[in-house]
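Trainee: Sharing data20.txt (compact mmCIF, C-alpha atoms) below.
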```
# COMPACT_ATOMS: atom_id res chain seq x y z
CA MET A 15 70.50 -55.73 -55.98
CA SER A 16 67.46 -57.44 -54.64
CA SER A 17 68.13 -56.39 -51.05
CA GLN A 18 68.65 -52.74 -51.97
CA ALA A 19 65.48 -52.77 -54.00
CA ALA A 20 63.64 -54.18 -51.00
CA GLN A 21 65.07 -51.56 -48.62
CA VAL A 22 64.00 -48.56 -50.66
CA PRO A 23 60.29 -49.32 -50.71
CA MET A 24 60.36 -49.95 -46.94
CA GLY A 25 61.78 -46.45 -46.27
CA LEU A 26 59.29 -44.92 -48.60
CA ARG A 27 56.46 -46.65 -46.82
CA ARG A 28 57.59 -45.31 -43.41
CA SER A 29 57.90 -41.76 -44.62
CA SER A 30 54.49 -42.06 -46.26
CA ILE A 31 52.91 -43.18 -42.97
CA VAL A 32 54.47 -40.26 -41.12
CA ARG A 33 53.27 -37.78 -43.74
CA ASN A 34 49.76 -39.21 -43.64
CA PHE A 35 49.69 -39.01 -39.84
CA LEU A 36 50.90 -35.41 -39.84
CA SER A 37 48.42 -34.42 -42.52
CA ALA A 38 45.60 -36.04 -40.50
CA LEU A 39 46.65 -34.12 -37.41
CA TYR A 40 46.77 -30.90 -39.39
CA ALA A 41 43.33 -31.51 -40.84
CA ARG A 42 41.88 -31.97 -37.34
CA ARG A 43 44.00 -29.29 -35.68
CA ARG A 44 40.99 -27.24 -34.50
CA GLU A 45 39.27 -30.16 -32.88
CA ILE A 46 42.52 -31.27 -31.25
CA LEU A 47 43.14 -27.74 -30.00
CA ARG A 48 39.63 -27.57 -28.58
CA TRP A 49 40.11 -30.83 -26.71
CA LEU A 50 43.48 -29.63 -25.38
CA VAL A 51 41.91 -26.40 -24.14
CA LEU A 52 39.07 -28.35 -22.50
CA LEU A 53 41.54 -30.70 -20.88
CA GLY A 54 43.60 -27.77 -19.63
CA ALA A 55 40.51 -26.06 -18.24
CA CYS A 56 39.48 -29.25 -16.44
CA LEU A 57 42.95 -29.59 -14.98
CA ILE A 58 42.90 -25.96 -13.84
CA VAL A 59 39.42 -26.33 -12.27
CA ALA A 60 40.45 -29.56 -10.56
CA ALA A 61 43.66 -27.99 -9.28
CA THR A 62 41.81 -24.86 -8.13
CA THR A 63 39.12 -26.93 -6.41
CA LEU A 64 41.78 -29.00 -4.72
CA LEU A 65 43.63 -25.90 -3.59
CA ILE A 66 40.38 -24.34 -2.27
CA LEU A 67 39.68 -27.58 -0.39
CA PHE A 68 43.16 -27.44 1.10
CA ALA A 69 42.57 -23.76 1.98
CA ILE A 70 39.31 -24.68 3.73
CA LEU A 71 41.12 -27.41 5.66
CA ASP A 72 43.84 -24.88 6.50
CA ALA A 73 41.27 -22.32 7.79
CA PRO A 74 38.11 -24.29 8.67
CA LEU A 75 36.73 -21.68 11.09
CA ALA A 76 36.82 -18.94 8.45
CA ALA A 77 35.19 -21.25 5.89
CA LEU A 78 32.40 -22.22 8.32
CA ALA A 79 31.82 -18.56 9.20
CA ALA A 80 31.57 -17.66 5.49
CA ILE A 81 29.11 -20.46 4.75
CA ALA A 82 26.97 -19.71 7.81
CA ALA A 83 26.88 -15.94 7.15
CA GLY A 84 26.14 -16.33 3.43
CA ALA A 85 23.40 -18.91 4.00
CA ALA A 86 21.83 -16.76 6.73
CA ALA A 87 21.84 -13.75 4.40
CA ARG A 88 20.13 -15.76 1.63
CA LEU A 89 17.51 -17.12 4.02
CA LEU A 90 16.87 -13.65 5.39
CA GLY A 91 16.53 -12.36 1.85
CA GLN A 92 13.91 -15.00 1.06
CA ALA A 93 12.04 -14.15 4.27
CA LEU A 94 12.03 -10.47 3.33
CA ASN A 95 10.86 -11.42 -0.17
CA LEU A 96 7.87 -13.27 1.30
CA ARG A 97 7.11 -10.40 3.67
CA GLN A 98 7.17 -7.96 0.79
CA LEU A 99 4.74 -10.18 -1.12
CA ARG A 100 2.35 -10.15 1.84
CA LEU A 101 2.39 -6.37 2.29
CA SER A 102 3.06 -4.73 -1.09
CA ASN A 103 1.83 -4.71 -4.69
CA GLN A 104 4.85 -6.74 -5.81
CA PRO A 105 2.66 -9.78 -6.71
CA ALA A 106 1.16 -7.72 -9.56
CA GLU A 107 4.54 -8.03 -11.32
CA LEU A 108 4.75 -11.80 -10.76
CA ALA A 109 1.21 -12.94 -11.59
CA THR A 110 -2.02 -11.97 -13.32
CA PHE A 111 -5.43 -12.00 -11.65
CA GLU A 112 -8.81 -12.86 -13.15
CA PHE A 113 -12.33 -12.94 -11.72
CA ASP A 114 -14.66 -15.72 -12.90
CA GLY A 115 -17.74 -14.49 -11.05
CA GLU A 116 -17.22 -16.79 -8.07
CA THR A 117 -13.61 -16.29 -6.99
CA ILE A 118 -10.40 -14.47 -7.90
CA LEU A 119 -8.00 -16.66 -9.89
CA CYS A 120 -4.22 -16.22 -9.69
CA ASN A 121 -2.04 -17.14 -12.71
CA ILE A 122 1.61 -17.37 -11.63
CA ASP A 123 4.43 -16.49 -14.07
CA LYS A 124 6.98 -19.20 -13.23
CA SER A 125 9.94 -17.51 -14.92
CA LYS A 126 9.35 -14.25 -13.03
CA ILE A 127 8.89 -16.16 -9.77
CA LEU A 128 12.26 -17.89 -10.23
CA ARG A 129 14.01 -14.60 -10.99
CA TYR A 130 12.37 -13.00 -7.98
CA ALA A 131 13.38 -15.85 -5.64
CA SER A 132 17.04 -15.71 -6.81
CA ALA A 133 17.34 -11.97 -7.27
CA TRP A 134 20.82 -10.53 -7.76
CA LYS A 135 20.28 -8.13 -4.89
CA TRP A 136 20.17 -10.88 -2.28
CA ARG A 137 22.96 -12.90 -3.94
CA ILE A 138 25.29 -9.89 -3.83
CA ILE A 139 24.36 -9.24 -0.20
CA ALA A 140 25.02 -12.90 0.66
CA ALA A 141 28.37 -12.79 -1.15
CA LEU A 142 29.49 -9.66 0.67
CA THR A 143 28.30 -11.05 4.00
CA ALA A 144 30.14 -14.34 3.49
CA ALA A 145 33.35 -12.59 2.40
CA GLY A 146 33.18 -10.19 5.32
CA ALA A 147 32.58 -12.97 7.86
CA CYS A 148 35.45 -15.01 6.45
CA LEU A 149 37.81 -12.04 6.49
CA ALA A 150 36.80 -11.12 10.03
CA VAL A 151 37.44 -14.61 11.37
CA GLN A 152 40.82 -14.74 9.62
CA HIS A 153 41.98 -11.57 11.36
CA LEU A 154 40.49 -12.26 14.76
CA PRO A 155 42.91 -13.42 17.48
CA LEU A 156 41.56 -16.95 17.52
CA PRO A 157 43.53 -20.12 18.29
CA GLU A 158 44.83 -21.82 15.18
CA PHE A 159 42.79 -24.79 14.08
CA ARG A 160 43.79 -26.76 11.00
CA LEU A 161 42.63 -30.03 9.49
CA LEU A 162 45.56 -30.55 7.10
CA PRO A 163 47.88 -33.47 7.87
CA THR A 164 51.21 -32.46 9.39
CA SER A 165 52.99 -34.25 6.54
CA PHE A 166 52.13 -31.32 4.27
CA GLY A 167 54.76 -29.29 6.16
CA ASN A 168 57.49 -31.17 4.28
CA PHE A 169 56.41 -29.47 1.07
CA ARG A 170 57.13 -25.82 1.63
CA TRP A 171 56.08 -24.73 -1.82
CA LEU A 172 52.71 -26.47 -1.32
CA VAL A 173 52.26 -24.92 2.13
CA SER A 174 52.99 -21.49 0.67
CA LEU A 175 50.49 -22.07 -2.16
CA ILE A 176 47.80 -23.28 0.27
CA GLY A 177 48.43 -20.23 2.47
CA SER A 178 47.90 -17.94 -0.52
CA CYS A 179 44.61 -19.72 -1.32
CA ALA A 180 43.54 -19.42 2.33
CA ALA A 181 44.19 -15.67 2.17
CA ALA A 182 41.97 -15.52 -0.92
CA LEU A 183 39.26 -17.59 0.77
CA PRO A 184 36.95 -14.52 1.26
CA VAL A 185 37.05 -13.94 -2.49
CA PHE A 186 36.23 -17.58 -3.19
CA SER A 187 33.31 -17.55 -0.72
CA GLY A 188 31.93 -14.35 -2.29
CA ILE A 189 32.12 -15.90 -5.79
CA PHE A 190 30.43 -19.04 -4.48
CA PHE A 191 27.41 -17.19 -3.09
CA LEU A 192 27.16 -15.08 -6.23
CA GLN A 193 26.77 -18.22 -8.31
CA VAL A 194 24.61 -20.30 -5.98
CA LYS A 195 20.93 -19.37 -6.41
CA GLY A 196 19.68 -21.50 -3.56
CA PRO A 197 16.91 -24.11 -3.65
CA GLU A 198 15.09 -22.28 -6.45
CA ARG A 199 12.17 -24.67 -6.79
CA ARG A 200 11.36 -24.66 -3.09
CA TRP A 201 11.67 -20.89 -2.81
CA ALA A 202 9.60 -20.38 -5.96
CA ALA A 203 6.93 -22.70 -4.52
CA GLU A 204 6.93 -20.70 -1.25
CA THR A 205 6.60 -17.46 -3.20
CA ALA A 206 3.70 -18.77 -5.28
CA ALA A 207 1.99 -20.13 -2.13
CA VAL A 208 2.20 -16.74 -0.40
CA ILE A 209 0.60 -15.02 -3.40
CA GLY A 210 -2.09 -17.71 -3.64
CA LYS A 211 -2.98 -17.46 0.05
CA ARG A 212 -3.14 -13.70 -0.13
CA VAL A 213 -5.51 -13.81 -3.11
CA ALA A 214 -7.67 -16.52 -1.49
CA ALA A 215 -7.98 -14.49 1.72
CA SER A 216 -8.98 -11.39 -0.24
CA SER A 217 -11.52 -13.40 -2.22
CA ASP A 218 -13.09 -14.77 0.96
CA ARG A 219 -13.26 -11.34 2.58
CA LEU A 220 -14.90 -9.70 -0.42
CA LEU A 221 -17.20 -12.43 -1.72
CA GLN A 222 -18.57 -13.77 1.59
CA PRO A 223 -19.64 -10.70 3.62
CA ARG A 224 -22.01 -12.17 6.19
CA GLU A 225 -23.76 -8.95 7.15
CA LEU A 226 -24.39 -8.00 3.54
CA ALA A 227 -25.67 -11.50 2.80
CA GLY A 228 -28.17 -11.28 5.68
CA LEU A 229 -29.33 -7.82 4.65
CA SER A 230 -29.67 -9.02 1.06
CA ALA A 231 -31.90 -11.91 2.17
CA GLY A 232 -34.10 -9.50 4.13
CA VAL A 233 -34.36 -7.07 1.22
CA GLU A 234 -35.27 -9.90 -1.15
CA ALA A 235 -38.01 -11.14 1.20
CA LEU A 236 -39.54 -7.67 1.61
CA GLY A 237 -39.17 -7.00 -2.10
CA HIS A 238 -40.98 -10.23 -2.92
CA ALA A 239 -43.81 -9.20 -0.60
CA LEU A 240 -43.99 -5.92 -2.54
CA GLY A 241 -44.22 -7.83 -5.81
CA MET A 242 -40.70 -7.01 -7.02
CA GLU A 243 -37.80 -9.29 -7.93
CA ARG A 244 -34.50 -8.30 -6.32
CA ARG A 245 -32.31 -11.38 -6.39
CA GLU A 246 -28.68 -11.01 -5.28
CA GLU A 247 -28.39 -7.45 -6.58
CA TYR A 248 -25.80 -6.58 -3.93
CA ARG A 249 -23.69 -9.63 -4.76
CA ALA A 250 -23.91 -8.64 -8.42
CA ALA A 251 -22.68 -5.15 -7.52
CA VAL A 252 -19.71 -6.65 -5.64
CA ALA A 253 -18.95 -8.92 -8.61
CA ARG A 254 -18.99 -5.96 -11.01
CA TYR A 255 -16.65 -4.00 -8.77
CA ILE A 256 -14.18 -6.90 -8.45
CA GLY A 257 -14.40 -7.59 -12.18
CA ASN A 258 -13.44 -3.98 -12.94
CA ASN A 259 -10.75 -3.83 -10.22
CA THR A 260 -9.50 -7.41 -10.01
CA THR A 261 -5.84 -6.75 -9.26
CA ALA A 262 -6.58 -4.03 -6.71
CA SER A 263 -9.23 -6.23 -5.05
CA ALA A 264 -6.81 -9.16 -4.81
CA LEU A 265 -3.88 -7.17 -3.41
CA GLN A 266 -5.62 -4.28 -1.62
CA PRO A 267 -8.87 -5.66 -0.15
CA GLU A 268 -8.99 -2.70 2.24
CA THR A 269 -9.94 -0.44 -0.66
CA ALA A 270 -12.61 -2.88 -1.81
CA GLU A 271 -13.92 -3.16 1.75
CA LYS A 272 -14.70 0.56 1.69
CA PHE A 273 -16.97 -0.16 -1.26
CA LEU A 274 -18.48 -3.07 0.70
CA ASP A 275 -19.12 -0.81 3.69
CA ALA A 276 -20.90 1.71 1.48
CA LEU A 277 -22.92 -1.09 -0.14
CA THR A 278 -23.80 -2.52 3.28
CA GLU A 279 -25.01 0.86 4.46
CA LEU A 280 -27.14 1.12 1.32
CA ALA A 281 -28.59 -2.33 2.05
CA ARG A 282 -29.46 -1.27 5.62
CA GLN A 283 -31.22 1.82 4.33
CA ASP A 284 -33.00 -0.21 1.66
CA LEU A 285 -34.21 -2.66 4.28
CA LYS A 286 -35.52 0.17 6.43
CA ASP A 287 -37.23 1.92 3.50
CA LEU A 288 -38.68 -1.35 2.23
CA SER A 289 -40.11 -2.13 5.65
CA VAL A 290 -41.88 1.25 5.82
CA SER A 291 -43.00 0.95 2.21
CA LEU A 292 -44.34 -2.56 2.78
CA ASP A 293 -46.51 -1.31 5.66
CA ALA A 294 -47.89 1.42 3.41
CA TYR A 295 -48.35 -1.07 0.58
CA ARG A 296 -50.26 -3.55 2.73
CA GLY A 297 -52.43 -0.78 4.17
CA VAL A 298 -53.39 0.34 0.67
CA GLU A 299 -53.91 -3.27 -0.39
CA CYS A 300 -56.28 -3.93 2.54
CA ARG A 301 -58.30 -0.79 1.78
CA PHE A 302 -58.38 -1.54 -1.92
CA ARG A 303 -59.72 -5.08 -1.45
CA ALA A 304 -62.33 -3.95 1.05
CA VAL A 305 -63.61 -1.24 -1.29
CA GLN A 306 -63.40 -3.62 -4.23
CA MET A 307 -65.67 -6.16 -2.53
CA LEU A 308 -68.11 -3.46 -1.52
CA ALA A 309 -68.17 -2.05 -5.03
CA ALA A 310 -68.81 -5.54 -6.43
CA THR A 311 -71.81 -5.87 -4.12
CA ILE A 312 -73.34 -2.48 -4.90
CA ARG A 313 -72.39 -2.51 -8.61
CA GLN A 314 -72.19 1.14 -9.55
CA PRO A 315 -70.37 1.54 -12.92
CA GLU A 316 -69.00 4.99 -12.12
CA GLN A 317 -67.50 3.86 -8.82
CA GLU A 318 -66.11 0.68 -10.37
CA LEU A 319 -64.38 2.75 -13.06
CA LYS A 320 -62.83 4.95 -10.38
CA LEU A 321 -61.71 1.82 -8.52
CA ASP A 322 -60.02 0.52 -11.69
CA GLU A 323 -58.07 3.78 -11.97
CA LEU A 324 -56.94 3.47 -8.37
CA GLY A 325 -55.95 -0.14 -9.08
CA SER A 326 -53.60 1.07 -11.83
CA GLU A 327 -52.09 3.54 -9.39
CA PHE A 328 -51.72 0.77 -6.82
CA ASP A 329 -49.81 -1.40 -9.30
CA GLN A 330 -47.27 1.41 -9.76
CA LEU A 331 -46.14 1.16 -6.15
CA SER A 332 -43.99 -1.90 -6.87
CA GLN A 333 -42.28 -0.07 -9.72
CA LEU A 334 -41.51 2.89 -7.46
CA ALA A 335 -40.02 0.50 -4.88
CA SER A 336 -37.81 -1.20 -7.47
CA GLU A 337 -36.51 2.25 -8.50
CA ARG A 338 -35.89 3.22 -4.82
CA GLN A 339 -38.23 6.19 -5.06
CA TRP A 340 -39.26 5.83 -1.45
CA GLU A 341 -40.59 9.34 -0.90
CA GLU A 342 -42.69 9.18 -4.05
CA LEU A 343 -43.99 5.77 -2.98
CA GLN A 344 -45.06 7.11 0.41
CA ARG A 345 -46.72 10.14 -1.17
CA ARG A 346 -48.53 7.99 -3.72
CA ALA A 347 -49.67 5.48 -1.08
CA VAL A 348 -51.17 8.26 1.09
CA TRP A 349 -52.95 9.70 -1.92
CA ILE A 350 -54.40 6.30 -2.88
CA GLU A 351 -55.57 5.70 0.70
CA ASN A 352 -57.36 9.04 0.77
CA GLU A 353 -59.01 8.33 -2.57
CA LEU A 354 -60.11 4.88 -1.37
CA ASP A 355 -61.56 6.38 1.79
CA ARG A 356 -63.59 8.85 -0.28
CA LEU A 357 -64.74 6.07 -2.56
CA HIS A 358 -65.68 3.91 0.41
CA GLU A 359 -67.75 6.72 1.93
CA SER A 360 -69.47 7.24 -1.40
CA LEU A 361 -70.31 3.54 -1.61
CA ARG A 362 -71.62 3.46 1.96
CA LEU A 363 -74.18 6.13 1.05
CA HIS A 364 -75.78 3.60 -1.25
CA SER A 365 -75.33 0.60 1.04
CA SER A 366 -78.86 0.95 2.46
CA SER A 367 -80.27 0.10 -0.95
CA VAL A 368 -78.34 -3.12 -1.09
CA PRO A 369 -80.67 -6.10 -0.53
CA PRO A 370 -80.01 -8.29 2.53
CA VAL A 371 -77.54 -11.00 1.97
CA VAL A 372 -78.99 -14.50 1.80
CA LEU A 373 -76.78 -17.52 1.92
CA ALA A 374 -76.54 -19.34 -1.36
CA PRO A 375 -78.25 -22.72 -1.47
CA GLY A 376 -75.92 -25.48 -0.38
CA SER A 377 -73.39 -23.14 1.33
CA ASP A 378 -72.11 -24.19 4.74
CA PRO A 379 -72.56 -21.48 7.41
CA TYR A 380 -70.09 -23.27 9.70
CA SER A 381 -67.36 -22.97 7.08
CA LEU A 382 -68.14 -19.28 6.55
CA LEU A 383 -67.69 -18.65 10.27
CA GLY A 384 -64.63 -20.86 10.47
CA VAL A 385 -66.09 -23.25 13.06
CA SER A 386 -67.23 -26.86 13.12
CA VAL A 387 -70.48 -28.52 14.15
CA ASP A 388 -68.92 -29.51 17.50
CA THR A 389 -67.84 -25.96 18.41
CA PRO A 390 -69.62 -24.80 21.62
CA THR A 391 -72.22 -22.05 21.23
CA PRO A 392 -70.46 -19.60 23.61
CA LEU A 393 -67.32 -19.90 21.54
CA ILE A 394 -69.29 -19.20 18.37
CA ARG A 395 -70.77 -16.06 19.95
CA LYS A 396 -67.30 -14.90 20.99
CA LEU A 397 -65.99 -15.52 17.49
CA ARG A 398 -68.87 -13.57 16.01
CA LEU A 399 -67.99 -10.56 18.19
CA SER A 400 -64.37 -10.76 17.00
CA LEU A 401 -65.47 -10.85 13.37
CA ALA A 402 -67.75 -7.89 13.95
CA GLN A 403 -64.78 -5.89 15.25
CA LEU A 404 -62.98 -6.65 12.01
CA TYR A 405 -65.71 -6.18 9.43
CA HIS A 406 -68.48 -4.01 10.90
CA PRO A 407 -68.61 -0.71 8.92
CA ASP A 408 -69.45 1.34 12.01
CA ILE A 409 -66.22 0.27 13.70
CA SER A 410 -63.76 0.50 10.81
CA HIS A 411 -65.18 2.83 8.20
CA SER A 412 -62.42 2.93 5.66
CA THR A 413 -60.99 -0.59 5.75
CA ARG A 414 -63.80 -3.15 6.20
CA ASN A 415 -66.65 -4.38 4.06
CA SER A 416 -70.30 -4.18 5.10
CA ALA A 417 -71.26 -6.89 2.59
CA LYS A 418 -68.84 -9.28 4.26
CA MET A 419 -70.36 -8.46 7.66
CA ALA A 420 -73.83 -9.07 6.26
CA GLU A 421 -72.76 -12.48 4.97
CA LEU A 422 -71.25 -13.37 8.33
CA ASN A 423 -74.41 -12.28 10.12
CA ALA A 424 -76.49 -14.47 7.83
CA ALA A 425 -74.19 -17.43 8.53
CA TYR A 426 -74.38 -16.80 12.27
CA ASP A 427 -78.19 -16.63 12.18
CA ALA A 428 -78.28 -19.91 10.26
CA VAL A 429 -76.03 -21.59 12.83
CA MET A 430 -78.06 -20.29 15.77
CA LYS A 431 -81.29 -21.49 14.19
CA ASP A 432 -79.72 -24.88 13.67
CA ARG A 433 -78.68 -25.00 17.33
CA GLU A 434 -82.24 -24.06 18.43
CA ARG A 435 -83.70 -26.85 16.35
CA GLU A 436 -81.28 -29.34 17.92
CA ALA A 437 -82.17 -28.08 21.42
CA ARG A 438 -85.90 -28.76 20.82
```
Show me, as structure tokens, the structure contained in the file I just sent.
Mentor:
Amino acid sequence: MSSQAAQVPMGLRRSSIVRNFLSALYARRREILRWLVLLGACLIVAATTLLILFAILDAPLAALAAIAAGAAARLLGQALNLRQLRLSNQPAELATFEFDGETILCNIDKSKILRYASAWKWRIIAALTAAGACLAVQHLPLPEFRLLPTSFGNFRWLVSLIGSCAAALPVFSGIFFLQVKGPERRWAAETAAVIGKRVAASSDRLLQPRELAGLSAGVEALGHALGMERREEYRAAVARYIGNNTTASALQPETAEKFLDALTELARQDLKDLSVSLDAYRGVECRFRAVQMLAATIRQPEQELKLDELGSEFDQLSQLASERQWEELQRRAVWIENELDRLHESLRLHSSSVPPVVLAPGSDPYSLLGVSVDTPTPLIRKLRLSLAQLYHPDISHSTRNSAKMAELNAAYDAVMKDREREAR
């Protein structure tokens, strides 16, 4: 009785363990199935890889031809990509361009660059090229060359399977080059570098035009002499153009250079017009100062009032130059000169009533003549003749001042008297 009672629980325990194990397997059936599928896939991939390796060893020349042709096609595709970036507007789809006032900045879109470097077009071309090269070598009358050990001949089924894989080697090579994207990072870096160099070259060409910079410096110098401020106006015009057409300026500098050529021609014309206007301006200025000094000596209120009106007209010349009204400036300058000449003639009619000029007490006649005490007397006489040619009213009626000549004559007389006293 005791032994039978002991046997029954033992059988029950075994059946209970089996049921528990089966129920655990059933509960985890999906996970187990997933692992079985994964294991099967790994075995299939390993077997396929091994068979492809055997096929390559069975037809090494065809495999080498496929790899060489596919790699060459991919490299050629990258070279054509870079050429297209250098010559077309394709970079506008891969980057954005901004102008900060000093240079053109290029902001690369990395994801677009990667897609461009590994474009499907070139991968399909590489796959077709590799498959075609492999197929061509397989059907060419070339001597057989195999790397498989001769011991494989003992397994006919394996030799037949390897031969089938070797026949499908063009398909495998095509699939390989469809999947392989190449050294993406290196090709993306090359693509970005080509775009960056292109933008930098365009920026240098547009923002550092040497001829325009020289013309601008000349225009600024002449404008400053005319009393007008014209600082870097041409550079500002270039900056505005690039700011409004940043992408076109970065990728098509030839179009922007047409604008630069037009701006350079304008600067040349401005320089020429400013030079002529400056001559007219200085002529009017010389006449105005001469008449002003004569009017201050004679002191006629009516003539001084007229001179003030002409001074207001003279101040308008700078404004006309800043507005590029060159013809109006020339016309106004001629009119002012004629009015100054008339005023000068009117003042000369009253010059006889002006009392003789006497040097102020304590003034130095040598300084007035621009000589020193040690200057030889012949040289002083020669200098006096030169000053007379500049200031004598009978020689230059409309531009010189008789009061100034009178003062110089008084200084010369004082110096000569001083020399006579020293000679005694």
Trainee: Which is closer to A:Thr278 than all the others in A:Asn103, A:Ser230, A:Gln344, A:Gln152, using all atoms listed in the file?
Mentor: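 Smallest distance to A:Thr278 is found for A:Ser230.
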Trainee: Residues at most 12 Å from stretch 114-124 of chain A, counting only C-alpha atoms, excluding those fewer than 6 positions away in the same chain, as a PyMOL selection string?
Mentor: chain A and resi 105-108+130-131+198-199+201-203+205-222+249-265+267
Trainee: When distances are computed from all atoms listed in the file, which of A:Leu321, A:Glu359, A:Glu327, A:Cys179 shows the smallest separation from A:Arg303?
Mentor: A:Leu321
Trainee: To one decimal place in Å, what is the distance between atom CA of A:Ala85 and atom CA of A:Leu149?
Mentor: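 Calculated distance between atom CA of A:Ala85 and atom CA of A:Leu149 is 16.2 Å.
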Trainee: Report, in Å to a single decimal, how far apart atom CA of A:Ile350 and atom CA of A:Ser400 are.
Mentor: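 Rounded to one decimal, the two atoms are 28.0 Å apart.
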Trainee: Quick one: pull the distance between atom CA of A:Ala140 and atom CA of A:Ala87, Å, one decimal.
Mentor: 5.0 Å
Trainee: Can you tell me, as a list in words, what residues are no more than 12 Å from A:Gly297 when counting all atoms listed in the file, ignoring any on the same chain fewer than 2 positions away?
Mentor: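 Counting only the stated atoms, we get Leu240, Val290, Ser291, Leu292, Asp293, Ala294, Tyr295, Glu299, Cys300, Arg301, Phe302, Arg303, Ala304, Phe328, Gln344, Ala347, Val348, Ile350, Glu351, Asn352, Leu354, Asp355, Ser412, Thr413 and Arg414 of chain A.
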Trainee: Based on the selection just made, write C-alpha atoms of those residues as a compact mmCIF listing (two decimals), in the frame of the given file.
Mentor:
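For reference, again-v7.txt as written:
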```
# COMPACT_ATOMS: atom_id res chain seq x y z
CA LEU A 240 -43.99 -5.92 -2.54
CA VAL A 290 -41.88 1.25 5.82
CA SER A 291 -43.00 0.95 2.21
CA LEU A 292 -44.34 -2.56 2.78
CA ASP A 293 -46.51 -1.31 5.66
CA ALA A 294 -47.89 1.42 3.41
CA TYR A 295 -48.35 -1.07 0.58
CA GLU A 299 -53.91 -3.27 -0.39
CA CYS A 300 -56.28 -3.93 2.54
CA ARG A 301 -58.30 -0.79 1.78
CA PHE A 302 -58.38 -1.54 -1.92
CA ARG A 303 -59.72 -5.08 -1.45
CA ALA A 304 -62.33 -3.95 1.05
CA PHE A 328 -51.72 0.77 -6.82
CA GLN A 344 -45.06 7.11 0.41
CA ALA A 347 -49.67 5.48 -1.08
CA VAL A 348 -51.17 8.26 1.09
CA ILE A 350 -54.40 6.30 -2.88
CA GLU A 351 -55.57 5.70 0.70
CA ASN A 352 -57.36 9.04 0.77
CA LEU A 354 -60.11 4.88 -1.37
CA ASP A 355 -61.56 6.38 1.79
CA SER A 412 -62.42 2.93 5.66
CA THR A 413 -60.99 -0.59 5.75
CA ARG A 414 -63.80 -3.15 6.20
```
Trainee: Can you tell me which residues surround A:Ser377 at a distance of at most 12 Å, considering all atoms listed in the file, apart from same-chain residues fewer than 6 positions away, and format the answer as a list of chain:residue names?
Mentor: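 Counting only the stated atoms, we get A:Leu383, A:Glu421, A:Ala424, A:Ala425, A:Ala428, A:Val429.
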Trainee: Looking at all atoms listed in the file, which of A:Ala80, A:Val51, A:Glu268, A:Ser132 is the one that sits closest to A:Phe186?
Mentor: A:Ala80
